[in-house]
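**Q** My questions all concern the structure below.
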Amino acid sequence: MSKTLSLFSALLCTFIWGTTFIAQDTGMDDIGPFTFNSVRFFVGFLAIIPLVFIFEVKKFKQEFRFDIKTFAVLSFLIGLSLFLGSALQQVALLYTDVANAAFFTIFYVPMVPILIFFFKKDSLHWSVWPSVILCLIGGYLLTDFHDAIVRLGDALVILGALFWSTHIIFTGMIVKKYNLPLTIGAIQTFLVALFSFMIGLLYEEFVTESILNEIDSILYAGILSGGFAFVLQIYAQKNITPAPAAIIFSLEGVFATIAAWFLLSQILGINNLIGCAFILSGVLLSQLVPLIKKS
């Protein structure tokens, strides 16, 4: 049952991330990327923190009785990874289109098992590798990448994918030791908001009127994506190892394309539909093959 709930949490999380791509792109009409991220993630923090006091404060004494230093270090690494990944992705959208960004973000799918294998933190089931290939082919077809031009923004998204992968890996590490998904979510969103605000003060202007003009995009990206989606990710990874989790999260591109179809009237072509099928096949392969072997 817990495995099923974790899979559902991962899929719901990915759906929110995919639909948020549109809010991220349209939310910078009047404000800069670091202003958008600082307000977005602070809104996410405000949405989560009441739940921390309601459901998890009473667990602190039990969860921290052994090693609070490890919790602090991993929380900082998660927050830093999330900041770098989201910042690079947000800035990249100024220099490239959503199709390019969606494809290159999927690069965190192969990066997760490669990093895990390189540092020998965990063993990998063989099905991960063909699943990675299917997801990359699907991403290529889904975004019509052959019609796009490689730009500065594309390089930024690829670099950001590295930090999305470290975020997934560090999250997988912390959830094995501490049962505090809401607290971890609140800490990481606060750190991203703080880091983004510090950079924004140096390079951008915080104008209240301009921020309010983007309030719809900020609230959606903040409360759902910046807040609850990352809590769902943390809960999901309690019962899903990082490599298969990364493959499930790659469905973000599928949901982003479907959202653009409904909200922006962008019709899916035959290549896009085949790409969706490839990614779905990769997700199913990574989840079902290990179960068949066990049974």
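In the structure tokens, chains take letters A, B, ... by order of appearance, with residues numbered from 1 within each chain and ligands from 1 in the order shown.
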Using only C-alpha atoms, find each residue in range 172-277 of chain A having at least one atom no more than 9 Å away from range 58-65 of chain A; report its shortest atom-to-atom pair and that distance in Å (one decimal), rows by chain then rising number, as JSON lines.
**A**
```
{"residue": "A:Lys177", "atom": "CA", "partner": "A:Glu63", "partner_atom": "CA", "distance": 8.5}
{"residue": "A:Tyr178", "atom": "CA", "partner": "A:Glu63", "partner_atom": "CA", "distance": 6.2}
{"residue": "A:Asn179", "atom": "CA", "partner": "A:Glu63", "partner_atom": "CA", "distance": 7.3}
{"residue": "A:Leu180", "atom": "CA", "partner": "A:Lys59", "partner_atom": "CA", "distance": 8.0}
```
**Q** Can you pull out the residues contacting range 226-241 of chain A? Cut-off 6 Å, using only C-alpha atoms, and skip same-chain residues under 6 positions away; I want them as a CSV table (one decimal) with C-alpha atoms, in the first residue's frame.
**A**
```
chain,number,residue,atom,x,y,z
A,3,LYS,CA,4.5,1.6,-2.4
A,6,SER,CA,4.4,6.7,-3.1
A,9,SER,CA,2.6,10.9,-5.0
A,10,ALA,CA,5.4,10.8,-7.6
A,13,CYS,CA,4.2,15.7,-8.1
A,41,PHE,CA,9.4,29.6,-3.1
A,44,GLY,CA,5.6,27.7,-1.0
A,172,GLY,CA,16.6,9.7,-1.2
A,175,VAL,CA,14.1,10.2,3.8
A,181,PRO,CA,8.7,15.2,4.7
A,182,LEU,CA,6.9,18.5,5.6
A,185,GLY,CA,10.0,20.6,2.3
```
**Q** Excluding range 282-286 of chain A and its own-chain neighbours fewer than 3 positions away, which residues fall within 10 Å of it when counting only C-alpha atoms? Please give them as an mmCIF file with N, CA and C atoms, in the first residue's frame.
**A**
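Dumped to around-v7.cif:
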```
data_model
loop_
_atom_site.group_PDB
_atom_site.id
_atom_site.type_symbol
_atom_site.label_atom_id
_atom_site.label_comp_id
_atom_site.auth_asym_id
_atom_site.auth_seq_id
_atom_site.Cartn_x
_atom_site.Cartn_y
_atom_site.Cartn_z
ATOM 1 N N HIS A 125 19.295 -1.881 -10.837
ATOM 2 C CA HIS A 125 18.696 -2.953 -11.618
ATOM 3 C C HIS A 125 18.962 -2.667 -13.093
ATOM 4 N N TRP A 126 19.216 -3.705 -13.870
ATOM 5 C CA TRP A 126 19.584 -3.523 -15.282
ATOM 6 C C TRP A 126 18.518 -2.778 -16.073
ATOM 7 N N SER A 127 17.257 -2.849 -15.631
ATOM 8 C CA SER A 127 16.166 -2.231 -16.391
ATOM 9 C C SER A 127 16.257 -0.711 -16.417
ATOM 10 N N VAL A 128 17.048 -0.134 -15.501
ATOM 11 C CA VAL A 128 17.189 1.323 -15.466
ATOM 12 C C VAL A 128 17.793 1.850 -16.768
ATOM 13 N N TRP A 129 18.789 1.140 -17.304
ATOM 14 C CA TRP A 129 19.508 1.654 -18.473
ATOM 15 C C TRP A 129 18.656 1.683 -19.741
ATOM 16 N N PRO A 130 17.942 0.599 -20.119
ATOM 17 C CA PRO A 130 17.049 0.733 -21.280
ATOM 18 C C PRO A 130 15.922 1.735 -21.032
ATOM 19 N N SER A 131 15.500 1.877 -19.762
ATOM 20 C CA SER A 131 14.472 2.864 -19.443
ATOM 21 C C SER A 131 14.983 4.277 -19.697
ATOM 22 N N VAL A 132 16.225 4.528 -19.330
ATOM 23 C CA VAL A 132 16.848 5.825 -19.579
ATOM 24 C C VAL A 132 16.876 6.128 -21.074
ATOM 25 N N ILE A 133 17.259 5.136 -21.881
ATOM 26 C CA ILE A 133 17.331 5.319 -23.336
ATOM 27 C C ILE A 133 15.947 5.624 -23.908
ATOM 28 N N LEU A 134 14.937 4.884 -23.439
ATOM 29 C CA LEU A 134 13.569 5.128 -23.906
ATOM 30 C C LEU A 134 13.105 6.541 -23.561
ATOM 31 N N CYS A 135 13.448 6.989 -22.354
ATOM 32 C CA CYS A 135 13.038 8.329 -21.923
ATOM 33 C C CYS A 135 13.720 9.422 -22.739
ATOM 34 N N LEU A 136 14.990 9.231 -23.063
ATOM 35 C CA LEU A 136 15.708 10.230 -23.848
ATOM 36 C C LEU A 136 15.176 10.289 -25.285
ATOM 37 N N ILE A 137 14.888 9.110 -25.860
ATOM 38 C CA ILE A 137 14.292 9.085 -27.206
ATOM 39 C C ILE A 137 12.918 9.746 -27.165
ATOM 40 N N GLY A 138 12.147 9.422 -26.131
ATOM 41 C CA GLY A 138 10.833 10.030 -25.984
ATOM 42 C C GLY A 138 10.907 11.532 -25.836
ATOM 43 N N ALA A 243 16.885 6.206 -8.808
ATOM 44 C CA ALA A 243 16.930 6.053 -10.269
ATOM 45 C C ALA A 243 15.529 5.872 -10.885
ATOM 46 N N PRO A 244 14.708 4.910 -10.403
ATOM 47 C CA PRO A 244 13.339 4.826 -10.931
ATOM 48 C C PRO A 244 12.532 6.091 -10.666
ATOM 49 N N ALA A 245 12.775 6.752 -9.527
ATOM 50 C CA ALA A 245 12.064 7.998 -9.214
ATOM 51 C C ALA A 245 12.371 9.049 -10.278
ATOM 52 N N ALA A 246 13.634 9.145 -10.678
ATOM 53 C CA ALA A 246 14.016 10.116 -11.701
ATOM 54 C C ALA A 246 13.301 9.841 -13.017
ATOM 55 N N ILE A 247 13.114 8.565 -13.343
ATOM 56 C CA ILE A 247 12.430 8.208 -14.586
ATOM 57 C C ILE A 247 10.950 8.607 -14.514
ATOM 58 N N ILE A 248 10.316 8.369 -13.358
ATOM 59 C CA ILE A 248 8.922 8.797 -13.181
ATOM 60 C C ILE A 248 8.820 10.312 -13.306
ATOM 61 N N PHE A 249 9.762 11.030 -12.684
ATOM 62 C CA PHE A 249 9.723 12.490 -12.727
ATOM 63 C C PHE A 249 9.960 13.024 -14.139
ATOM 64 N N SER A 250 10.534 12.190 -15.029
ATOM 65 C CA SER A 250 10.745 12.631 -16.409
ATOM 66 C C SER A 250 9.419 12.781 -17.158
ATOM 67 N N LEU A 251 8.334 12.258 -16.593
ATOM 68 C CA LEU A 251 7.003 12.450 -17.173
ATOM 69 C C LEU A 251 6.580 13.916 -17.145
ATOM 70 N N CYS A 276 5.557 10.533 -26.112
ATOM 71 C CA CYS A 276 4.846 10.218 -24.867
ATOM 72 C C CYS A 276 4.838 8.714 -24.616
ATOM 73 N N ALA A 277 4.612 7.953 -25.669
ATOM 74 C CA ALA A 277 4.567 6.491 -25.542
ATOM 75 C C ALA A 277 5.926 5.935 -25.123
ATOM 76 N N PHE A 278 7.014 6.482 -25.670
ATOM 77 C CA PHE A 278 8.365 6.032 -25.301
ATOM 78 C C PHE A 278 8.638 6.287 -23.815
ATOM 79 N N ILE A 279 8.295 7.478 -23.345
ATOM 80 C CA ILE A 279 8.563 7.820 -21.945
ATOM 81 C C ILE A 279 7.713 6.966 -21.010
ATOM 82 N N VAL A 289 9.587 -4.525 -14.381
ATOM 83 C CA VAL A 289 10.582 -5.592 -14.553
ATOM 84 C C VAL A 289 11.162 -6.068 -13.219
ATOM 85 N N PRO A 290 11.548 -5.158 -12.304
ATOM 86 C CA PRO A 290 12.049 -5.641 -11.009
ATOM 87 C C PRO A 290 11.007 -6.436 -10.229
ATOM 88 N N LEU A 291 9.735 -6.067 -10.348
ATOM 89 C CA LEU A 291 8.656 -6.778 -9.646
ATOM 90 C C LEU A 291 8.483 -8.176 -10.220
#
```
**Q** So that I can check the surroundings of Tyr108 in chain A, please list as a list of chain:residue names every protein, DNA and RNA residue that reaches within 9 Å of it, counting only C-alpha atoms and ignoring chain neighbours fewer than 6 positions away.
**A** A:Ile158, A:Gly160, A:Ala161, A:Leu162, A:Phe163, A:Trp164, A:Ser165, A:Thr166, A:Ala246, A:Ile247, A:Ser250
**Q** Could those selected residues go to a file with N, CA and C atoms, as a PDB file, in the first residue's frame?
**A**
```pdb
ATOM      1  N   ILE A 158      21.030  22.108 -19.127  1.00  0.00           N
ATOM      2  CA  ILE A 158      21.820  20.880 -18.945  1.00  0.00           C
ATOM      3  C   ILE A 158      22.584  20.934 -17.627  1.00  0.00           C
ATOM      4  N   GLY A 160      21.714  22.727 -15.074  1.00  0.00           N
ATOM      5  CA  GLY A 160      20.687  22.629 -14.039  1.00  0.00           C
ATOM      6  C   GLY A 160      20.245  21.202 -13.800  1.00  0.00           C
ATOM      7  N   ALA A 161      20.219  20.383 -14.861  1.00  0.00           N
ATOM      8  CA  ALA A 161      19.823  18.980 -14.719  1.00  0.00           C
ATOM      9  C   ALA A 161      20.743  18.239 -13.763  1.00  0.00           C
ATOM     10  N   LEU A 162      22.021  18.632 -13.736  1.00  0.00           N
ATOM     11  CA  LEU A 162      22.963  18.024 -12.793  1.00  0.00           C
ATOM     12  C   LEU A 162      22.501  18.237 -11.357  1.00  0.00           C
ATOM     13  N   PHE A 163      22.011  19.437 -11.069  1.00  0.00           N
ATOM     14  CA  PHE A 163      21.588  19.743  -9.701  1.00  0.00           C
ATOM     15  C   PHE A 163      20.207  19.164  -9.382  1.00  0.00           C
ATOM     16  N   TRP A 164      19.355  18.982 -10.414  1.00  0.00           N
ATOM     17  CA  TRP A 164      18.100  18.261 -10.180  1.00  0.00           C
ATOM     18  C   TRP A 164      18.402  16.820  -9.785  1.00  0.00           C
ATOM     19  N   SER A 165      19.429  16.239 -10.400  1.00  0.00           N
ATOM     20  CA  SER A 165      19.782  14.858 -10.075  1.00  0.00           C
ATOM     21  C   SER A 165      20.366  14.751  -8.669  1.00  0.00           C
ATOM     22  N   THR A 166      21.221  15.710  -8.266  1.00  0.00           N
ATOM     23  CA  THR A 166      21.754  15.663  -6.894  1.00  0.00           C
ATOM     24  C   THR A 166      20.648  15.900  -5.874  1.00  0.00           C
ATOM     25  N   ALA A 246      13.634   9.145 -10.678  1.00  0.00           N
ATOM     26  CA  ALA A 246      14.016  10.116 -11.701  1.00  0.00           C
ATOM     27  C   ALA A 246      13.301   9.841 -13.017  1.00  0.00           C
ATOM     28  N   ILE A 247      13.114   8.565 -13.343  1.00  0.00           N
ATOM     29  CA  ILE A 247      12.430   8.208 -14.586  1.00  0.00           C
ATOM     30  C   ILE A 247      10.950   8.607 -14.514  1.00  0.00           C
ATOM     31  N   SER A 250      10.534  12.190 -15.029  1.00  0.00           N
ATOM     32  CA  SER A 250      10.745  12.631 -16.409  1.00  0.00           C
ATOM     33  C   SER A 250       9.419  12.781 -17.158  1.00  0.00           C
TER      34      SER A 250
END
```
**Q** Do you know which residues are at most 10 Å from Gly253 in chain A counting only C-alpha atoms, after dropping those on the same chain fewer than 3 positions away, and could you put them as a PyMOL selection string?
**A** chain A and resi 14-15+17-19+21+98-99+101-103+105-106+138-139+142-143+249-250+256-259+275-276+279
**Q** With C-alpha atoms retained, could you export that selection as a PDB file, in the first residue's frame?
**A**
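Generated output (part.pdb):
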```
ATOM      1  CA  THR A  14       5.279  15.263 -11.745  1.00  0.00           C
ATOM      2  CA  PHE A  15       1.916  16.475 -13.053  1.00  0.00           C
ATOM      3  CA  TRP A  17       5.810  20.211 -12.161  1.00  0.00           C
ATOM      4  CA  GLY A  18       4.811  19.742 -15.800  1.00  0.00           C
ATOM      5  CA  THR A  19       1.916  22.185 -15.702  1.00  0.00           C
ATOM      6  CA  PHE A  21       6.391  25.007 -16.784  1.00  0.00           C
ATOM      7  CA  VAL A  98       9.982  25.656 -23.396  1.00  0.00           C
ATOM      8  CA  ALA A  99      10.497  22.769 -25.842  1.00  0.00           C
ATOM      9  CA  ALA A 101      14.132  23.388 -21.785  1.00  0.00           C
ATOM     10  CA  ALA A 102      11.780  20.419 -21.377  1.00  0.00           C
ATOM     11  CA  PHE A 103      14.086  18.126 -23.343  1.00  0.00           C
ATOM     12  CA  THR A 105      15.805  19.002 -18.184  1.00  0.00           C
ATOM     13  CA  ILE A 106      15.144  15.286 -18.841  1.00  0.00           C
ATOM     14  CA  GLY A 138      10.833  10.030 -25.984  1.00  0.00           C
ATOM     15  CA  GLY A 139      12.039  13.445 -24.899  1.00  0.00           C
ATOM     16  CA  LEU A 142       8.168  14.933 -27.607  1.00  0.00           C
ATOM     17  CA  THR A 143       9.816  18.321 -27.999  1.00  0.00           C
ATOM     18  CA  PHE A 249       9.723  12.490 -12.727  1.00  0.00           C
ATOM     19  CA  SER A 250      10.745  12.631 -16.409  1.00  0.00           C
ATOM     20  CA  ALA A 256       3.909  19.951 -19.832  1.00  0.00           C
ATOM     21  CA  THR A 257       3.043  19.114 -23.444  1.00  0.00           C
ATOM     22  CA  ILE A 258      -0.497  18.024 -22.569  1.00  0.00           C
ATOM     23  CA  ALA A 259      -1.008  21.210 -20.514  1.00  0.00           C
ATOM     24  CA  GLY A 275       7.466  10.461 -27.615  1.00  0.00           C
ATOM     25  CA  CYS A 276       4.846  10.218 -24.867  1.00  0.00           C
ATOM     26  CA  ILE A 279       8.563   7.820 -21.945  1.00  0.00           C
TER      27      ILE A 279
END
```
**Q** Per DSSP on the backbone, filter range 67-257 of chain A down to the residues in alpha helix (DSSP H) and report them as JSON, numbers by chain.
**A** {"A": [68, 69, 70, 71, 72, 73, 74, 75, 76, 77, 78, 79, 80, 81, 82, 83, 84, 85, 86, 87, 88, 89, 90, 91, 92, 98, 99, 100, 101, 102, 103, 104, 105, 108, 109, 110, 111, 112, 113, 114, 115, 116, 117, 118, 119, 128, 129, 130, 131, 132, 133, 134, 135, 136, 137, 138, 139, 140, 141, 142, 152, 153, 154, 155, 156, 157, 158, 159, 160, 161, 162, 163, 164, 165, 166, 167, 168, 169, 170, 171, 172, 173, 174, 175, 176, 177, 181, 182, 183, 184, 185, 186, 187, 188, 189, 190, 191, 192, 193, 194, 195, 196, 197, 198, 199, 200, 201, 202, 203, 208, 209, 210, 211, 212, 213, 215, 216, 217, 218, 219, 230, 231, 232, 233, 234, 235, 236, 242, 243, 244, 245, 246, 247, 248, 249, 252, 253, 254, 255, 256, 257]}
**Q** As an exercise, work out the distance from CA of Ala72 in chain A to CA of Ala221 in chain A in Å and give it to one decimal place.
**A**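 Rounded to one decimal, the two atoms are 26.0 Å apart.
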**Q** List the neighbours of Phe83 in chain A out to 8 Å using only C-alpha atoms; skip same-chain residues closer than 3 positions along the sequence, and give me the result as a list in words.
**A** Gly79, Leu80, Ser86, Ala87, Leu191, Val192, Phe195 and Ser196 of chain A
**Q** Kindly export the residues of the current selection with C-alpha atoms, as a CSV table (one decimal), in the first residue's frame.
**A**
```csv
chain,number,residue,atom,x,y,z
A,79,GLY,CA,18.1,23.3,-0.5
A,80,LEU,CA,21.3,24.3,-2.4
A,86,SER,CA,15.5,25.9,-10.3
A,87,ALA,CA,17.6,29.1,-10.8
A,191,LEU,CA,16.6,28.2,1.5
A,192,VAL,CA,15.7,28.6,-2.2
A,195,PHE,CA,19.3,32.4,-1.9
A,196,SER,CA,17.1,33.7,-4.8
```
**Q** How far is it from CA of Phe206 in chain A to CA of Asn37 in chain A, in Å with one decimal?
**A**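 Separation between CA of Phe206 in chain A and CA of Asn37 in chain A: 11.8 Å.
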**Q** Using only C-alpha atoms, determine which residues lie at most 7 Å from range 197-202 of chain A, disregarding the query and same-chain residues fewer than 4 positions distant; provide the list as a PDB file with C-alpha atoms, in the first residue's frame.
**A**
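As a result, part00.pdb now contains:
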```pdb
ATOM      1  CA  PHE A  34      15.389  35.450  -9.246  1.00  0.00           C
ATOM      2  CA  THR A  35      12.551  37.726  -8.164  1.00  0.00           C
ATOM      3  CA  SER A  38      12.295  34.132  -4.394  1.00  0.00           C
ATOM      4  CA  ALA A 193      13.688  31.740  -1.424  1.00  0.00           C
TER       5      ALA A 193
END
```
**Q** Given only C-alpha atoms as the basis, pick out the residue of A:Val73, A:Ile168, A:Leu84, A:Ile218 nearest to Leu115 in chain A.
**A**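 Answer, going by the shortest atom-to-atom distance: A:Ile168.
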